[in-house]
Structure formats: C-alpha cells, structure tokens
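Engineer: So here's upload_21.txt (compact mmCIF, C-alpha atoms).
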```
# COMPACT_ATOMS: atom_id res chain seq x y z
CA MET A 1243 18.84 -10.79 15.80
CA LYS A 1244 16.37 -12.05 18.38
CA SER A 1245 13.46 -14.01 17.02
CA ALA A 1246 10.71 -16.31 18.24
CA GLU A 1247 8.11 -18.59 16.76
CA GLY A 1248 4.49 -17.93 17.65
CA ARG A 1249 1.47 -20.19 17.29
CA GLY A 1250 -2.18 -19.36 17.61
CA ARG A 1251 -5.63 -19.92 16.23
CA THR A 1252 -5.47 -16.62 14.37
CA LEU A 1253 -2.63 -14.55 12.96
CA ASP A 1254 -3.02 -11.99 15.75
CA GLU A 1255 -2.89 -14.68 18.42
CA ALA A 1256 0.23 -16.21 16.89
CA VAL A 1257 1.97 -12.82 16.71
CA ASP A 1258 0.93 -11.97 20.26
CA ALA A 1259 2.33 -15.28 21.53
CA ALA A 1260 5.71 -14.53 19.95
CA LEU A 1261 5.66 -10.91 21.17
CA ILE A 1262 5.06 -12.07 24.75
CA GLU A 1263 8.03 -14.40 24.49
CA LEU A 1264 10.22 -11.64 23.05
CA LYS A 1265 8.81 -8.95 25.40
CA GLU A 1266 8.52 -6.61 22.43
CA SER A 1267 5.84 -4.44 20.83
CA ARG A 1268 4.52 -4.87 17.27
CA ARG A 1269 6.21 -1.77 15.92
CA ASN A 1270 9.67 -3.15 16.69
CA VAL A 1271 9.38 -6.48 14.95
CA ASP A 1272 9.30 -8.10 11.55
CA ILE A 1273 6.64 -10.76 11.09
CA LYS A 1274 6.95 -13.67 8.72
CA VAL A 1275 4.00 -16.00 8.26
CA ILE A 1276 5.29 -19.58 8.15
CA SER A 1277 1.92 -21.27 7.76
CA GLU A 1278 -1.66 -20.12 7.89
CA GLY A 1279 -4.45 -22.63 8.26
CA LEU A 1280 -7.92 -23.03 9.59
CA GLN A 1281 -6.80 -24.58 12.87
CA GLU A 1282 -3.47 -22.90 13.47
CA THR A 1283 -1.27 -20.08 12.27
CA VAL A 1284 2.48 -20.12 12.77
CA VAL A 1285 4.66 -17.00 12.51
CA GLU A 1286 8.28 -16.12 12.98
CA VAL A 1287 8.73 -12.79 14.72
CA THR A 1288 12.12 -11.08 14.56
CA VAL A 1289 13.14 -8.01 16.55
CA ILE A 1290 14.30 -5.23 14.24
CA ASP A 1291 17.73 -3.81 14.85
CA HIS A 1292 17.24 -0.23 13.60
CA ALA A 1293 20.93 0.65 13.87
CA ALA A 1294 21.97 -2.39 11.89
CA GLY A 1295 19.31 -1.71 9.29
CA SER A 1296 20.62 1.71 8.43
CA THR A 1297 24.31 0.97 8.38
CA GLU A 1298 24.81 -2.66 7.45
CA ALA A 1299 22.53 -2.54 4.45
CA ALA A 1300 24.47 0.30 2.87
CA PRO A 1301 27.42 -1.48 1.32
CA ALA A 1302 25.35 -4.50 0.34
CA ASN A 1303 22.60 -2.54 -1.33
CA GLY A 1304 23.59 0.80 -2.81
CA LYS A 1305 20.13 1.45 -4.22
CA ALA A 1306 18.50 1.07 -0.83
CA GLU A 1307 20.98 3.47 0.70
CA ILE A 1308 20.39 6.04 -2.06
CA ALA A 1309 16.64 5.77 -1.48
CA ARG A 1310 17.09 6.06 2.27
CA GLY A 1311 19.18 9.21 1.88
CA LEU A 1312 16.69 10.80 -0.50
CA VAL A 1313 13.69 10.10 1.73
CA GLU A 1314 15.60 11.36 4.76
CA GLY A 1315 16.33 14.59 2.86
CA LEU A 1316 12.75 14.90 1.71
CA LEU A 1317 11.42 14.52 5.26
CA LYS A 1318 13.92 17.07 6.48
CA HIS A 1319 12.64 19.56 3.90
CA MET A 1320 9.11 18.79 5.03
CA GLY A 1321 10.09 19.56 8.60
CA VAL A 1322 9.37 16.02 9.75
CA ARG A 1323 11.70 14.60 12.36
CA ALA A 1324 11.90 10.91 11.69
CA GLN A 1325 14.36 8.08 11.30
CA VAL A 1326 14.57 6.25 7.98
CA THR A 1327 15.97 2.72 7.92
CA VAL A 1328 16.23 0.02 5.31
CA ARG A 1329 14.28 -3.07 6.33
CA PRO A 1330 16.85 -5.84 6.32
CA ALA A 1331 16.59 -8.73 3.90
CA THR A 1332 13.37 -7.72 2.20
CA GLU A 1333 12.47 -7.91 -1.45
CA PRO A 1334 11.43 -5.41 -2.79
CA ILE A 1335 13.54 -2.80 -0.99
CA THR A 1336 11.49 -1.45 1.91
CA LEU A 1337 12.15 1.77 3.79
CA ASP A 1338 10.82 2.13 7.32
CA ILE A 1339 10.09 5.59 8.64
CA SER A 1340 9.78 5.82 12.38
CA GLY A 1341 9.42 8.64 14.84
CA ARG A 1342 6.90 10.46 16.96
CA ASP A 1343 3.46 11.58 15.81
CA LEU A 1344 3.80 10.42 12.22
CA GLY A 1345 0.06 10.00 11.69
CA ALA A 1346 0.08 12.95 9.28
CA LEU A 1347 2.63 11.10 7.19
CA ILE A 1348 0.21 8.18 6.84
CA GLY A 1349 -2.85 10.31 6.09
CA TRP A 1350 -6.43 9.33 5.39
CA ARG A 1351 -6.55 5.60 4.56
CA GLY A 1352 -2.78 5.73 3.95
CA GLU A 1353 -3.13 8.30 1.17
CA THR A 1354 -0.17 10.45 2.22
CA LEU A 1355 2.00 7.40 2.72
CA ARG A 1356 1.09 6.19 -0.77
CA ALA A 1357 1.94 9.62 -2.21
CA LEU A 1358 5.27 9.56 -0.39
CA GLN A 1359 6.00 6.18 -1.94
CA SER A 1360 5.21 7.50 -5.42
CA VAL A 1361 7.51 10.49 -4.94
CA THR A 1362 10.25 8.20 -3.61
CA ASN A 1363 10.01 5.91 -6.62
CA VAL A 1364 10.15 8.86 -9.00
CA MET A 1365 13.22 10.24 -7.21
CA VAL A 1366 15.04 6.93 -7.11
CA GLY A 1367 13.72 5.72 -10.46
CA ARG A 1368 16.89 6.13 -12.47
CA HIS A 1369 18.81 3.92 -10.01
CA LEU A 1370 16.28 1.11 -10.21
CA ASP A 1371 15.98 -1.72 -12.70
CA GLU A 1372 12.92 -1.95 -14.87
CA GLY A 1373 9.93 -3.02 -12.80
CA GLU A 1374 11.85 -2.62 -9.55
CA ARG A 1375 10.09 -0.57 -6.86
CA ILE A 1376 10.72 0.85 -3.44
CA ILE A 1377 8.14 0.28 -0.72
CA VAL A 1378 7.79 2.97 1.93
CA ASP A 1379 6.25 2.18 5.29
CA VAL A 1380 5.54 4.51 8.18
CA GLU A 1381 5.48 3.02 11.67
CA ARG A 1382 4.83 -0.36 10.07
CA TYR A 1383 1.37 0.88 8.97
CA ARG A 1384 1.48 -1.00 5.69
CA GLN A 1385 2.70 -4.20 7.31
CA ARG A 1386 0.02 -3.96 10.00
CA ARG A 1387 -2.67 -3.38 7.35
CA GLU A 1388 -1.47 -6.42 5.41
CA HIS A 1389 -1.71 -8.55 8.53
CA THR A 1390 -5.14 -7.18 9.33
CA VAL A 1391 -6.55 -7.87 5.87
CA ARG A 1392 -5.03 -11.36 5.89
CA GLU A 1393 -6.83 -11.95 9.15
CA ILE A 1394 -10.05 -10.66 7.56
CA ALA A 1395 -9.47 -13.01 4.62
CA MET A 1396 -9.06 -16.04 6.87
CA ARG A 1397 -12.19 -15.11 8.82
CA ALA A 1398 -14.14 -14.67 5.59
CA ALA A 1399 -12.85 -18.01 4.30
CA ARG A 1400 -14.02 -19.75 7.48
CA GLN A 1401 -17.48 -18.22 7.12
CA VAL A 1402 -17.71 -19.13 3.42
CA LYS A 1403 -16.85 -22.73 4.25
CA MET A 1404 -19.54 -22.83 6.93
CA THR A 1405 -22.33 -21.18 4.95
CA GLY A 1406 -21.38 -21.82 1.34
CA ASP A 1407 -22.26 -18.20 0.55
CA ALA A 1408 -19.88 -15.68 -0.99
CA ILE A 1409 -18.82 -12.66 1.08
CA THR A 1410 -18.04 -9.22 -0.29
CA LEU A 1411 -15.44 -7.37 1.76
CA ASP A 1412 -15.02 -3.62 2.20
CA ALA A 1413 -13.33 -1.55 -0.49
CA MET A 1414 -9.56 -1.91 -0.24
CA GLN A 1415 -6.38 -0.61 -1.74
CA PRO A 1416 -4.55 -2.71 -4.35
CA PHE A 1417 -1.82 -3.91 -1.94
CA GLU A 1418 -4.50 -4.99 0.51
CA ARG A 1419 -6.47 -6.88 -2.15
CA ARG A 1420 -3.25 -8.50 -3.26
CA ALA A 1421 -2.57 -9.63 0.34
CA ILE A 1422 -6.01 -11.26 0.45
CA HIS A 1423 -5.62 -13.03 -2.90
CA LEU A 1424 -2.22 -14.34 -1.79
CA ALA A 1425 -3.58 -15.47 1.58
CA LEU A 1426 -6.36 -17.49 -0.04
CA GLU A 1427 -4.71 -18.76 -3.20
CA GLY A 1428 -3.62 -22.02 -1.56
CA ASP A 1429 -7.00 -22.75 -0.03
CA PRO A 1430 -8.69 -25.58 -1.93
CA ASP A 1431 -12.17 -24.67 -0.72
CA VAL A 1432 -12.45 -20.94 -1.35
CA THR A 1433 -11.58 -18.56 -4.11
CA SER A 1434 -11.20 -14.79 -4.25
CA GLY A 1435 -11.92 -12.27 -6.95
CA SER A 1436 -12.60 -8.55 -7.13
CA ILE A 1437 -15.58 -6.52 -8.25
CA GLY A 1438 -16.32 -2.85 -8.76
CA GLU A 1439 -14.28 0.09 -9.87
CA GLU A 1440 -11.46 1.89 -8.14
CA PRO A 1441 -11.42 3.27 -5.53
CA GLU A 1442 -14.43 1.20 -4.46
CA ARG A 1443 -13.09 -2.10 -5.71
CA ARG A 1444 -13.89 -4.96 -3.32
CA VAL A 1445 -12.73 -8.51 -2.86
CA VAL A 1446 -15.32 -11.26 -3.00
CA VAL A 1447 -14.52 -14.50 -1.20
CA GLY A 1448 -16.62 -17.44 -2.34
CA PRO A 1449 -16.70 -21.22 -2.44
CA ARG A 1450 -14.34 -22.73 -4.99
CA LYS A 1451 -17.00 -25.21 -6.08
CA PRO A 1452 -20.62 -24.23 -6.60
CA ALA A 1453 -22.81 -24.94 -3.57
CA ALA A 1454 -24.72 -28.22 -3.72
CA GLU A 1455 -28.10 -27.82 -5.40
CA MET B 104 -18.27 21.64 -5.15
CA PRO B 105 -14.58 20.76 -4.91
CA GLY B 106 -15.61 17.38 -3.49
CA ARG B 107 -16.52 16.06 -6.93
CA ALA B 108 -13.14 16.97 -8.37
CA ALA B 109 -11.33 15.40 -5.41
CA GLU B 110 -13.42 12.28 -5.81
CA ARG B 111 -12.56 11.98 -9.51
CA ILE B 112 -8.88 12.66 -8.93
CA ARG B 113 -8.86 10.00 -6.21
CA LYS B 114 -10.41 7.57 -8.67
CA ALA B 115 -7.68 8.32 -11.22
CA ILE B 116 -5.02 7.89 -8.53
CA ALA B 117 -6.53 4.58 -7.46
CA LEU B 118 -6.37 3.33 -11.06
CA VAL B 119 -2.73 4.35 -11.39
CA ASN B 120 -1.86 2.82 -8.02
CA SER B 121 -3.49 -0.44 -8.95
CA VAL B 122 -1.15 -0.58 -11.94
CA ALA B 123 1.87 0.30 -9.78
CA ASP B 124 0.98 -2.03 -6.90
CA ASP B 125 -0.18 -4.85 -9.15
CA ALA B 126 -3.07 -6.22 -7.11
CA GLY B 127 -3.29 -8.93 -9.73
CA ASP B 128 -7.06 -8.79 -10.04
CA GLU B 129 -7.64 -6.32 -12.86
CA ASP B 130 -6.14 -5.09 -16.06
CA ILE B 131 -6.00 -1.34 -16.28
CA THR B 132 -5.04 0.15 -19.61
CA PRO B 133 -3.46 3.58 -20.13
CA THR B 134 -6.65 4.52 -22.02
CA GLU B 135 -8.73 3.94 -18.88
CA ILE B 136 -6.37 6.08 -16.83
CA ALA B 137 -6.44 8.82 -19.45
CA GLU B 138 -10.25 8.68 -19.45
CA ALA B 139 -10.33 9.04 -15.68
CA ILE B 140 -8.08 12.11 -15.90
CA ARG B 141 -10.20 13.59 -18.69
CA ASP B 142 -13.24 13.11 -16.43
CA CYS B 143 -11.49 15.33 -13.90
CA LEU B 144 -10.65 17.96 -16.52
CA GLU B 145 -14.30 18.14 -17.57
CA LEU B 146 -15.28 19.66 -14.23
CA SER B 147 -15.27 23.43 -14.20
CA GLU B 148 -14.32 23.44 -10.54
CA VAL B 149 -10.75 22.47 -11.38
CA ASP B 150 -10.39 26.05 -12.69
CA LEU B 151 -11.39 27.52 -9.37
CA VAL B 152 -8.12 26.58 -7.73
CA PRO B 153 -4.75 27.53 -9.23
CA ASN B 154 -2.60 24.77 -10.73
CA VAL B 155 -5.14 21.95 -10.53
CA ARG B 156 -5.86 21.97 -14.28
CA LYS B 157 -2.13 22.36 -14.97
CA TYR B 158 -1.22 19.28 -12.89
CA LEU B 159 -4.03 17.24 -14.41
CA GLY B 160 -2.85 18.20 -17.88
CA GLU B 161 0.67 17.14 -16.97
CA ALA B 162 -0.63 13.82 -15.67
CA LEU B 163 -2.52 13.26 -18.92
CA ASP B 164 0.63 14.05 -20.91
CA ALA B 165 2.59 11.65 -18.73
CA VAL B 166 0.12 8.85 -19.48
CA SER B 167 0.33 9.60 -23.21
CA ASP B 168 4.12 9.62 -23.05
CA GLY B 169 4.19 6.25 -21.29
CA MET B 170 5.78 7.64 -18.14
CA PRO B 171 6.00 5.29 -15.12
CA ALA B 172 2.85 4.90 -13.04
CA ASP B 173 4.53 6.49 -10.03
CA PHE B 174 5.23 9.65 -12.01
CA VAL B 175 1.59 9.88 -13.09
CA ALA B 176 0.47 9.20 -9.51
CA MET B 177 2.80 11.88 -8.15
CA THR B 178 1.39 14.48 -10.55
CA LEU B 179 -2.17 13.52 -9.64
CA TYR B 180 -1.32 13.78 -5.95
CA ALA B 181 -0.03 17.28 -6.70
CA ALA B 182 -3.40 18.15 -8.26
CA LEU B 183 -5.22 16.72 -5.25
CA GLY B 184 -2.93 18.62 -2.89
CA ALA B 185 -3.50 21.88 -4.77
CA LEU B 186 -7.23 21.32 -4.67
CA ARG B 187 -7.16 20.64 -0.94
CA GLU B 188 -4.97 23.68 -0.31
CA GLY B 189 -7.25 25.88 -2.44
CA GLY B 190 -10.32 24.51 -0.68
CA SER B 191 -8.93 25.21 2.74
CA LEU B 192 -8.09 28.78 1.76
CA ASN B 193 -11.62 29.51 0.58
```
Now that the file is in, can you turn its structure into structure tokens?
Structural biologist:
Amino acid sequence: MKSAEGRGRTLDEAVDAALIELKESRRNVDIKVISEGLQETVVEVTVIDHAAGSTEAAPANGKAEIARGLVEGLLKHMGVRAQVTVRPATEPITLDISGRDLGALIGWRGETLRALQSVTNVMVGRHLDEGERIIVDVERYRQRREHTVREIAMRAARQVKMTGDAITLDAMQPFERRAIHLALEGDPDVTSGSIGEEPERRVVVGPRKPAAE
Amino acid sequence: MPGRAAERIRKAIALVNSVADDAGDEDITPTEIAEAIRDCLELSEVDLVPNVRKYLGEALDAVSDGMPADFVAMTLYAALGALREGGSLN
C-alpha cells in the first residue's frame, strides 16, 4: 500500500502535504496522526486499496465479513447502490460505504449514518464479543468529522493558552467529543470537560491551572 | 406540533448513543434513558402518527430488559422515522 508522511502547522496542512505527494484525494486515504503539537502536526497517509479491503480481510476476520455482507444486503434492500468494504487493520471493525450521491445515507448531522450503525450492530450482535462494536462510515464522513473536531480542539487549545480563558465549543455528538478529549488529554496546559445535556452537550476547553490572580 | 416529539426522541437517542459511543465525559444510567423515553410518551402528539407510541413503548421495554444500547437506539430511530413519515404525509 502506498503511503506518505505529511507535516504541517495544522492537521489539515499536514494531510494536504501528504495528499499532494501521493496525488490522491481525501476520500481515498486512511489518515493516522503520528504527533500533534502546537508547532507541528505529523500524519501518515495511506492510500486505501478497496479491492484488497473487501477480499483480503475476509479469511482473517470472519466477523467483519459477516457484517460487510449484512450491510451490503441491507443497502440493496434500501435500493442504495454502494460498495461496502472492511477498512483494513482497524480496531474496532470499521465498514466503509462508498458510492455516488450517498448524502442521504449520512443524513442531518450524521443522523442516518448513526441509525445505520445501530441497525448494523443489532444485526451482527450475536457474532460479536461483549462490548465489541462495528463502526460504519459513509464516504469517510465520520473520519473527516473526527479530523475536523480535532483541528477545532487544537485551535481552541491555542486560544486558551493565549488568553487563559475557557472556551465552550458547539454541541457535538459523543464520538466527536471523545475525539476532542483524546486530542487534548496529553496537553499539559489545557483540559477538556463537557457541560449541558444531550443533544446539546458541549465541550469546554480551559486552562489546566487556574489563571494567575 | 410534531416538532416537540421529534426533539424529545432525538434527546433520548442522543443519551443512548452517548452510552454506545462512550464519549467518556458523562455517566448515563438506564433510569435517565427511561425517563427521556417517558417524556416522549407524555406528549399526546405521539398518538397522531401510527406506530410512534408502539416503538417508544418497545424502546422503554428494551431499556427495562437491559437490551444493548444499539437495540434501544434502533427502536427509537424507528419511532423518529415513523413520526417523520407521518408528518410528511399530513
């Protein structure tokens, strides 16, 4: 598989640098954040081999293949023409749905996609271990959202460090809040927490130590 | 006003999803989820569209029975879908 390392001031810049080197678009790659700091972000970008994803993963991971088959069947019943592949080497098992005009499958703020994931997990449930889950992504929407909110987190952290004031972000879904908490957990200067009630729960990024009196 | 019912169902779904997705920043108990579903059932508008009350009742049963979060979420999505379908037909 073709891959390249990208460096940049922000996550987007680092990804773009690698994409230019690979001559690929975002929807065809897997992005792994190697390091994320105030000065520089380093990522490893790997081109996805869709054909390999659907066939090679089968013998190695029976559960993933069962899930893939079920989702493929479900989409067929829904009249959606799309390709379902197992994202290679990911934990938890992640299914990628790709095709044309799949916006309806994502829905408002990813609602339809989230519903599809729930249905998938119910269908595959008896093949999974306790606590094990299947992640469903459409056109890398979820992955792109995670990258976006991580970028937002880093920007918020920079601002908090400059001003010393806490920042309340927009309401987000649980997986997005999780991405922010994970992005900032290693930062010695800022901390993140959440306030409010679902579905309006928001992340607050603030200084780890109280501002000087 | 089907908007209120949709809003409350969405809130219940968000609670269930936060359990399933494990954001790691809150502790949601089954009691809270059950309360959110009961809040939906209190609205008379859920009777205006076929199946909405039925799905909500099933979701409440699923919470009581300790069914997986995804099962509860799926049933709530069914209620939301029925509501949306009923709303668009009116």
Engineer: Tell me, in Å to one decimal, how far CA of Val1287 (chain A) is from CA of Leu1424 (chain A).
Structural biologist: 19.9 Å
Engineer: So that I can see what lies close to Ala181 (chain B), please list as a ChimeraX atom specification the residues with an atom at most 10 Å from it, counting all atoms listed in the file and leaving out residues fewer than 2 positions away in the same chain.
Structural biologist: /A:1357 /B:154-155,157-159,162,175-179,183-187
Engineer: Between B:Asp164, B:Asp142, B:Asp124, B:Glu110, which one has atoms that come closest to chain A, using only C-alpha atoms?
Structural biologist: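 Result for the nearest residue to chain A: B:Asp124.
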Engineer: If I take CA of Ile1394 (chain A) and CA of Leu1280 (chain A), how far is one from the other in Å, to one decimal?
Structural biologist: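 We find that CA of Ile1394 (chain A) and CA of Leu1280 (chain A) lie 12.7 Å from each other.
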Engineer: Pick out the residues sitting within 10 Å of Glu129 (chain B), and hand them over as a PyMOL selection string; count all atoms listed in the file, and ignore anything fewer than 3 positions along from it in its own chain.
Structural biologist: (chain A and resi 1416+1435-1437+1439+1443) or (chain B and resi 118+121-122+125-126+132)
Engineer: Do a neighbour search on Ile1262 (chain A) at 12 Å with all atoms listed in the file, toss out local chain neighbours closer than 3 positions, and write the hits as a ChimeraX atom specification.
Structural biologist: /A:1245-1249,1255-1259,1265-1268,1287
Engineer: Please produce a file of those selected residues containing C-alpha atoms, as a PDB file, in the coordinates of the input.
Structural biologist:
```pdb
ATOM      1  CA  SER A1245      13.460 -14.010  17.020  1.00  0.00           C
ATOM      2  CA  ALA A1246      10.710 -16.310  18.240  1.00  0.00           C
ATOM      3  CA  GLU A1247       8.110 -18.590  16.760  1.00  0.00           C
ATOM      4  CA  GLY A1248       4.490 -17.930  17.650  1.00  0.00           C
ATOM      5  CA  ARG A1249       1.470 -20.190  17.290  1.00  0.00           C
ATOM      6  CA  GLU A1255      -2.890 -14.680  18.420  1.00  0.00           C
ATOM      7  CA  ALA A1256       0.230 -16.210  16.890  1.00  0.00           C
ATOM      8  CA  VAL A1257       1.970 -12.820  16.710  1.00  0.00           C
ATOM      9  CA  ASP A1258       0.930 -11.970  20.260  1.00  0.00           C
ATOM     10  CA  ALA A1259       2.330 -15.280  21.530  1.00  0.00           C
ATOM     11  CA  LYS A1265       8.810  -8.950  25.400  1.00  0.00           C
ATOM     12  CA  GLU A1266       8.520  -6.610  22.430  1.00  0.00           C
ATOM     13  CA  SER A1267       5.840  -4.440  20.830  1.00  0.00           C
ATOM     14  CA  ARG A1268       4.520  -4.870  17.270  1.00  0.00           C
ATOM     15  CA  VAL A1287       8.730 -12.790  14.720  1.00  0.00           C
TER      16      VAL A1287
END
```
Engineer: Could you check the closest approach to chain B for each of A:Leu1370, A:Val1361, A:Ile1422, A:Val1326 and tell me which residue wins, using all atoms listed in the file?
Structural biologist: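 For chain B, the nearest of the given residues is A:Val1361.
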Engineer: Quick one: of B:Val119, B:Glu135, B:Glu148, B:Arg141, who's nearest to Gly106 (chain B), counting only C-alpha atoms?
Structural biologist: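 For Gly106 (chain B), the nearest of the given residues is B:Glu148.
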Engineer: Once you add 8 Å to each side, what are the centre and edge lengths of the axis-aligned box holding all listed atoms of region 1319-1326 of chain A? One decimal in Å, as JSON, if you can.
Structural biologist:
```
{"center_x": 11.8, "center_y": 12.9, "center_z": 8.1, "size_x": 21.5, "size_y": 29.3, "size_z": 24.5}
```
Engineer: So how far away is CA of Arg1382 (chain A) from CA of Ile1290 (chain A), in Å?
Structural biologist: 11.4 Å
Engineer: Mind listing whatever residues come within 12 Å of the point (-8.6, 4.0, 4.6)? Use all atoms listed in the file, file coordinates, and give them as a PyMOL selection string.
Structural biologist: chain A and resi 1348-1356+1383-1384+1387+1412-1416+1418+1441-1442
Engineer: Which residue out of A:Thr1327, A:Thr1288, A:Thr1336, A:Gln1359 has the minimum interatomic distance to Ala172 (chain B) when all atoms listed in the file are used?
Structural biologist: A:Gln1359
Engineer: List the spatial neighbours of region 1397-1409 of chain A as a count of residues only - criterion: any atom at most 7 Å away, all atoms listed in the file, same-chain residues fewer than 2 positions off excluded.
Structural biologist: 10
